[in-house]
>>> print(open('work-v8.pdb').read())   # PDB, C-alpha atoms
ATOM      1  CA  GLU H   1    -136.666-110.846  48.178
ATOM      2  CA  GLY H   2    -133.649-113.132  47.755
ATOM      3  CA  GLN H   3    -133.373-112.269  44.066
ATOM      4  CA  VAL H   4    -133.260-108.522  44.809
ATOM      5  CA  ASN H   5    -130.501-109.208  47.341
ATOM      6  CA  ASN H   6    -128.513-111.212  44.737
ATOM      7  CA  ILE H   7    -128.884-108.461  42.136
ATOM      8  CA  LEU H   8    -127.659-105.834  44.597
ATOM      9  CA  LEU H   9    -124.702-107.968  45.700
ATOM     10  CA  ASP H  10    -123.744-108.689  42.070
ATOM     11  CA  GLU H  11    -123.822-104.978  41.253
ATOM     12  CA  ALA H  12    -122.187-103.741  44.473
ATOM     13  CA  GLU H  13    -118.637-103.638  43.077
ATOM     14  CA  ALA H  14    -119.700-101.649  40.001
ATOM     15  CA  PHE H  15    -121.596 -99.215  42.223
ATOM     16  CA  SER H  16    -118.552 -98.870  44.472
ATOM     17  CA  ASP H  17    -116.276 -98.069  41.514
ATOM     18  CA  MET H  18    -118.787 -95.525  40.201
ATOM     19  CA  SER H  19    -119.061 -93.954  43.650
ATOM     20  CA  GLU H  20    -115.270 -93.475  43.813
ATOM     21  CA  GLU H  21    -115.331 -91.845  40.356
ATOM     22  CA  ILE H  22    -118.049 -89.458  41.559
ATOM     23  CA  LEU H  23    -115.909 -88.463  44.555
ATOM     24  CA  LYS H  24    -112.846 -87.894  42.373
ATOM     25  CA  ALA H  25    -114.748 -85.753  39.850
ATOM     26  CA  GLY H  26    -116.571 -83.844  42.585
ATOM     27  CA  LEU H  27    -113.373 -82.985  44.447
ATOM     28  CA  GLU H  28    -111.779 -81.807  41.198
ATOM     29  CA  GLU H  29    -114.618 -79.425  40.322
ATOM     30  CA  ALA H  30    -116.414 -78.259  43.475
ATOM     31  CA  PRO H  31    -115.515 -74.798  44.828
ATOM     32  CA  TYR H  32    -116.510 -76.014  48.291
ATOM     33  CA  ILE H  33    -117.056 -79.389  49.900
ATOM     34  CA  ARG H  34    -119.667 -80.175  52.533
ATOM     35  CA  THR H  35    -119.143 -83.072  54.912
ATOM     36  CA  ASP H  36    -120.926 -84.694  57.808
ATOM     37  CA  ASP H  37    -121.405 -88.137  59.271
ATOM     38  CA  THR H  38    -124.029 -90.091  61.117
ATOM     39  CA  GLY H  39    -123.961 -93.224  63.229
ATOM     40  CA  GLU H  40    -125.936 -96.370  62.531
ATOM     41  CA  LYS H  41    -125.719-100.116  63.067
ATOM     42  CA  HIS H  42    -124.115-102.054  60.192
ATOM     43  CA  LYS H  43    -123.634-105.820  60.395
ATOM     44  CA  HIS H  44    -124.693-105.570  64.068
ATOM     45  CA  LYS H  45    -121.828-103.177  64.906
ATOM     46  CA  ASN H  46    -121.706 -99.421  65.415
ATOM     47  CA  ALA H  47    -120.844 -97.873  62.059
ATOM     48  CA  TYR H  48    -120.702 -94.404  60.565
ATOM     49  CA  CYS H  49    -121.753 -93.105  57.206
ATOM     50  CA  THR H  50    -119.632 -90.175  56.037
ATOM     51  CA  HIS H  51    -121.070 -87.807  53.448
ATOM     52  CA  ILE H  52    -118.856 -85.685  51.215
ATOM     53  CA  GLY H  53    -120.612 -83.505  48.685
ATOM     54  CA  GLY H  54    -120.864 -80.280  46.805
ATOM     55  CA  GLU H  55    -123.459 -78.453  44.795
ATOM     56  CA  TYR H  56    -123.515 -81.161  42.100
ATOM     57  CA  PHE H  57    -122.253 -84.349  43.721
ATOM     58  CA  ALA H  58    -122.792 -86.556  46.747
ATOM     59  CA  TYR H  59    -120.610 -89.365  48.024
ATOM     60  CA  TYR H  60    -121.308 -91.707  50.941
ATOM     61  CA  LYS H  61    -118.939 -94.124  52.646
ATOM     62  CA  THR H  62    -119.803 -96.448  55.512
ATOM     63  CA  SER H  63    -117.026 -97.507  57.870
ATOM     64  CA  PHE H  64    -116.547 -98.558  61.468
ATOM     65  CA  SER H  65    -114.554 -95.478  62.437
ATOM     66  CA  LYS H  66    -115.443 -91.833  62.912
ATOM     67  CA  SER H  67    -111.825 -90.705  63.235
ATOM     68  CA  ARG H  68    -109.884 -88.057  61.358
ATOM     69  CA  GLU H  69    -107.662 -90.840  60.009
ATOM     70  CA  ASN H  70    -110.739 -92.488  58.469
ATOM     71  CA  PHE H  71    -111.847 -89.164  56.977
ATOM     72  CA  LEU H  72    -108.387 -88.616  55.446
ATOM     73  CA  LYS H  73    -108.416 -92.156  53.998
ATOM     74  CA  ILE H  74    -111.699 -91.360  52.256
ATOM     75  CA  PHE H  75    -110.114 -88.252  50.711
ATOM     76  CA  LEU H  76    -107.011 -90.229  49.693
ATOM     77  CA  GLN H  77    -109.121 -92.529  47.480
ATOM     78  CA  GLY H  78    -106.602 -95.355  47.835
ATOM     79  CA  LYS H  79    -103.540 -93.162  47.237
ATOM     80  CA  GLU H  80    -100.685 -92.687  49.684
ATOM     81  CA  GLY H  81     -98.224 -89.878  50.114
ATOM     82  CA  TYR H  82     -96.787 -87.488  52.669
ATOM     83  CA  TYR H  83     -95.805 -83.907  51.803
ATOM     84  CA  ILE H  84     -93.853 -81.466  53.931
ATOM     85  CA  ASN H  85     -95.480 -78.181  52.892
ATOM     86  CA  ASP H  86     -97.296 -75.192  54.386
ATOM     87  CA  ALA H  87    -100.499 -77.219  54.889
ATOM     88  CA  MET H  88     -98.574 -79.887  56.796
ATOM     89  CA  ILE H  89     -96.814 -77.340  59.007
ATOM     90  CA  TRP H  90    -100.062 -75.423  59.624
ATOM     91  CA  HIS H  91    -101.764 -78.662  60.665
ATOM     92  CA  LEU H  92     -98.987 -79.380  63.166
ATOM     93  CA  PHE H  93     -99.328 -75.804  64.476
ATOM     94  CA  GLN H  94    -103.085 -76.357  64.913
ATOM     95  CA  CYS H  95    -102.267 -79.526  66.896
ATOM     96  CA  GLY H  96    -100.198 -77.436  69.313
ATOM     97  CA  VAL H  97     -96.785 -78.715  68.226
ATOM     98  CA  LYS H  98     -93.870 -76.655  69.610
ATOM     99  CA  ASP H  99     -92.216 -73.981  67.465
ATOM    100  CA  SER H 100     -88.869 -75.792  67.657
ATOM    101  CA  ILE H 101     -90.419 -78.802  65.858
ATOM    102  CA  LEU H 102     -92.229 -76.588  63.349
ATOM    103  CA  ASN H 103     -88.895 -74.921  62.546
ATOM    104  CA  LEU H 104     -87.361 -78.328  61.796
ATOM    105  CA  PHE H 105     -90.051 -78.929  59.190
ATOM    106  CA  GLU H 106     -89.614 -75.426  57.754
ATOM    107  CA  GLU H 107     -85.985 -76.384  57.038
ATOM    108  CA  VAL H 108     -86.994 -79.495  55.075
ATOM    109  CA  LYS H 109     -90.105 -78.028  53.424
ATOM    110  CA  ASN H 110     -91.159 -79.229  49.956
ATOM    111  CA  LYS H 111     -90.043 -82.814  50.522
ATOM    112  CA  LYS H 112     -92.359 -85.545  49.267
ATOM    113  CA  TYR H 113     -92.587 -89.158  50.384
ATOM    114  CA  LYS H 114     -94.484 -91.944  48.643
ATOM    115  CA  SER H 115     -94.817 -94.041  51.781
ATOM    116  CA  LYS H 116     -94.883 -93.896  55.546
ATOM    117  CA  ARG H 117     -91.473 -95.560  55.535
ATOM    118  CA  GLY H 118     -89.911 -92.556  53.804
ATOM    119  CA  LEU H 119     -91.466 -90.156  56.287
ATOM    120  CA  ASN H 120     -90.255 -92.427  59.104
ATOM    121  CA  ARG H 121     -86.675 -92.000  57.912
ATOM    122  CA  LEU H 122     -87.083 -88.207  58.031
ATOM    123  CA  LEU H 123     -88.608 -88.324  61.533
ATOM    124  CA  ASN H 124     -85.697 -90.492  62.701
ATOM    125  CA  PHE H 125     -83.227 -88.057  61.121
ATOM    126  CA  LEU H 126     -84.953 -85.137  62.886
ATOM    127  CA  GLU H 127     -84.829 -87.180  66.123
ATOM    128  CA  ILE H 128     -88.590 -87.061  66.624
ATOM    129  CA  ARG H 129     -89.173 -90.033  68.936
ATOM    130  CA  SER H 130     -92.455 -89.263  70.753
ATOM    131  CA  LYS H 131     -95.186 -91.685  69.641
ATOM    132  CA  LYS H 132     -97.844 -88.951  69.855
ATOM    133  CA  LEU H 133     -95.766 -86.449  67.876
ATOM    134  CA  ARG H 134     -94.921 -89.046  65.225
ATOM    135  CA  SER H 135     -98.635 -89.825  64.859
ATOM    136  CA  GLN H 136     -99.369 -86.099  64.451
ATOM    137  CA  CYS H 137     -96.618 -85.885  61.809
ATOM    138  CA  TYR H 138     -98.095 -88.804  59.822
ATOM    139  CA  GLU H 139    -101.513 -87.174  59.902
ATOM    140  CA  ALA H 140    -100.075 -83.781  58.981
ATOM    141  CA  GLY H 141     -98.085 -85.365  56.139
ATOM    142  CA  LEU H 142    -101.324 -86.804  54.736
ATOM    143  CA  VAL H 143    -102.966 -83.376  55.052
ATOM    144  CA  GLY H 144    -100.020 -81.944  53.105
ATOM    145  CA  PHE H 145    -100.379 -84.615  50.403
ATOM    146  CA  ILE H 146    -104.147 -84.132  50.055
ATOM    147  CA  SER H 147    -103.839 -80.344  49.923
ATOM    148  CA  GLU H 148    -101.199 -80.633  47.202
ATOM    149  CA  THR H 149    -102.612 -83.414  45.018
ATOM    150  CA  ILE H 150    -106.361 -83.765  45.597
ATOM    151  CA  LEU H 151    -107.869 -80.455  46.696
ATOM    152  CA  LYS H 152    -107.843 -77.354  44.522
ATOM    153  CA  SER H 153    -106.260 -74.137  45.701
ATOM    154  CA  GLY H 154    -108.826 -72.127  47.682
ATOM    155  CA  GLN H 155    -111.258 -75.030  47.983
ATOM    156  CA  VAL H 156    -113.182 -74.824  51.259
ATOM    157  CA  LEU H 157    -114.339 -77.661  53.523
ATOM    158  CA  MET H 158    -117.643 -76.965  55.296
ATOM    159  CA  SER H 159    -118.807 -79.020  58.288
ATOM    160  CA  ASP H 160    -120.388 -78.939  61.723
ATOM    161  CA  ARG H 161    -116.895 -78.364  63.217
ATOM    162  CA  ALA H 162    -116.596 -81.938  64.516
ATOM    163  CA  GLY H 163    -112.970 -82.749  65.321
ATOM    164  CA  GLN H 164    -112.447 -85.191  62.471
ATOM    165  CA  PHE H 165    -113.371 -82.486  59.941
ATOM    166  CA  MET H 166    -111.388 -79.557  61.385
ATOM    167  CA  ILE H 167    -108.649 -79.630  58.746
ATOM    168  CA  PHE H 168    -107.752 -77.906  55.489
ATOM    169  CA  ASN H 169    -109.335 -74.556  54.617
ATOM    170  CA  HIS H 170    -112.353 -74.959  56.907
ATOM    171  CA  VAL H 171    -115.585 -73.066  57.582
ATOM    172  CA  SER H 172    -118.597 -73.875  59.714
ATOM    173  CA  CYS H 173    -121.837 -74.836  58.075
ATOM    174  CA  TRP H 174    -124.396 -72.071  58.647
ATOM    175  CA  VAL H 175    -127.042 -74.632  59.641
ATOM    176  CA  HIS H 176    -124.851 -75.817  62.517
ATOM    177  CA  MET H 177    -123.896 -72.293  63.568
ATOM    178  CA  GLU H 178    -127.294 -71.815  65.196
ATOM    179  CA  ARG H 179    -126.526 -74.472  67.846
ATOM    180  CA  PRO H 180    -124.371 -72.187  70.033
ATOM    181  CA  LEU H 181    -126.962 -69.416  69.642
ATOM    182  CA  ARG H 182    -129.616 -71.605  71.297
ATOM    183  CA  LYS H 183    -127.504 -71.620  74.462
ATOM    184  CA  ILE H 184    -127.538 -67.831  74.828
ATOM    185  CA  THR H 185    -129.767 -66.651  77.647
ATOM    186  CA  ALA H 186    -131.182 -63.153  77.337
ATOM    187  CA  THR H 187    -131.317 -61.092  80.494
ATOM    188  CA  SER H 188    -132.949 -57.755  81.044
TER     189      SER H 188
END
>>> encode(input="work-v8.pdb", output="structure tokens")
Amino acid sequence: EGQVNNILLDEAEAFSDMSEEILKAGLEEAPYIRTDDTGEKHKHKNAYCTHIGGEYFAYYKTSFSKSRENFLKIFLQGKEGYYINDAMIWHLFQCGVKDSILNLFEEVKNKKYKSKRGLNRLLNFLEIRSKKLRSQCYEAGLVGFISETILKSGQVLMSDRAGQFMIFNHVSCWVHMERPLRKITATS
């Protein structure tokens, strides 16, 4: 039993590297991406296993967060960048950001930043001070970066419509679409 544990621990880093390569290749080739997560205890703490897959690949990542930020970090695969593009502006629109702010970003569209610091300078220049709005801009900038550098044009994300997955070009998984139908009460 101890020897099996040692073998697995010795090989864990190689498996992790291979897993990241599978995600990269899968995202490059898949016409659509399925995602879901599930909760479970890990090291005596609540943890979540996120699945990202397609017809020919499956990737799993365990973390202690079920947030959209965590989901975006998985997609980023260790990269960082913030793009002001249509995907970024659309994401801000979906978050309910005012038109006046969206118009500011339309005026500076197609800017790219390698770090959060660069985006911070832009937000300061645009006089965006609200902590909540700045947080939405960081998230939207990551969405812009991922849509430009990682996802293919027209690639679709399919999920159960959980909040952390409601980004990019999104559709609901047909398996999960039956849930609202169960709530319908027929009357005569």
>>> atom_distance(input="work-v8.pdb", atom1="CA of Gly78 in chain H", atom2="CA of Lys45 in chain H")
24.2 Å
>>> resolve_selection(input="work-v8.pdb", expression="the PyMOL selection byres ((chain H and resi 147-156) around 12)", output="ChimeraX atom specification")
/H:23-35,53-54,72,74-91,110-112,140-146,157-159,165-173
>>> atom_distance(input="work-v8.pdb", atom1="CA of Lys98 in chain H", atom2="CA of Ser67 in chain H")
23.7 Å
>>> resolve_selection(input="work-v8.pdb", expression="the PyMOL selection byres ((chain H and resi 36) around 6)", output="CSV table (one decimal) with C-alpha atoms, in the coordinates of the input")
chain,number,residue,atom,x,y,z
H,35,THR,CA,-119.1,-83.1,54.9
H,37,ASP,CA,-121.4,-88.1,59.3
H,50,THR,CA,-119.6,-90.2,56.0
H,51,HIS,CA,-121.1,-87.8,53.4
>>> axis_aligned_box(input="work-v8.pdb", around="range 101-117 of chain H", padding_each_side="6 Å", output="JSON")
{"center_x": -90.4, "center_y": -85.2, "center_z": 57.3, "size_x": 20.9, "size_y": 32.6, "size_z": 29.2}
>>> resolve_selection(input="work-v8.pdb", expression="the PyMOL selection byres ((chain H and resi 40) around 12)", output="PDB file with C-alpha atoms, keeping the file's coordinate frame")
ATOM      1  CA  ASP H  37    -121.405 -88.137  59.271  1.00  0.00           C
ATOM      2  CA  THR H  38    -124.029 -90.091  61.117  1.00  0.00           C
ATOM      3  CA  GLY H  39    -123.961 -93.224  63.229  1.00  0.00           C
ATOM      4  CA  LYS H  41    -125.719-100.116  63.067  1.00  0.00           C
ATOM      5  CA  HIS H  42    -124.115-102.054  60.192  1.00  0.00           C
ATOM      6  CA  LYS H  43    -123.634-105.820  60.395  1.00  0.00           C
ATOM      7  CA  HIS H  44    -124.693-105.570  64.068  1.00  0.00           C
ATOM      8  CA  LYS H  45    -121.828-103.177  64.906  1.00  0.00           C
ATOM      9  CA  ASN H  46    -121.706 -99.421  65.415  1.00  0.00           C
ATOM     10  CA  ALA H  47    -120.844 -97.873  62.059  1.00  0.00           C
ATOM     11  CA  TYR H  48    -120.702 -94.404  60.565  1.00  0.00           C
ATOM     12  CA  CYS H  49    -121.753 -93.105  57.206  1.00  0.00           C
ATOM     13  CA  THR H  50    -119.632 -90.175  56.037  1.00  0.00           C
ATOM     14  CA  THR H  62    -119.803 -96.448  55.512  1.00  0.00           C
ATOM     15  CA  SER H  63    -117.026 -97.507  57.870  1.00  0.00           C
ATOM     16  CA  PHE H  64    -116.547 -98.558  61.468  1.00  0.00           C
ATOM     17  CA  SER H  65    -114.554 -95.478  62.437  1.00  0.00           C
ATOM     18  CA  LYS H  66    -115.443 -91.833  62.912  1.00  0.00           C
TER      19      LYS H  66
END
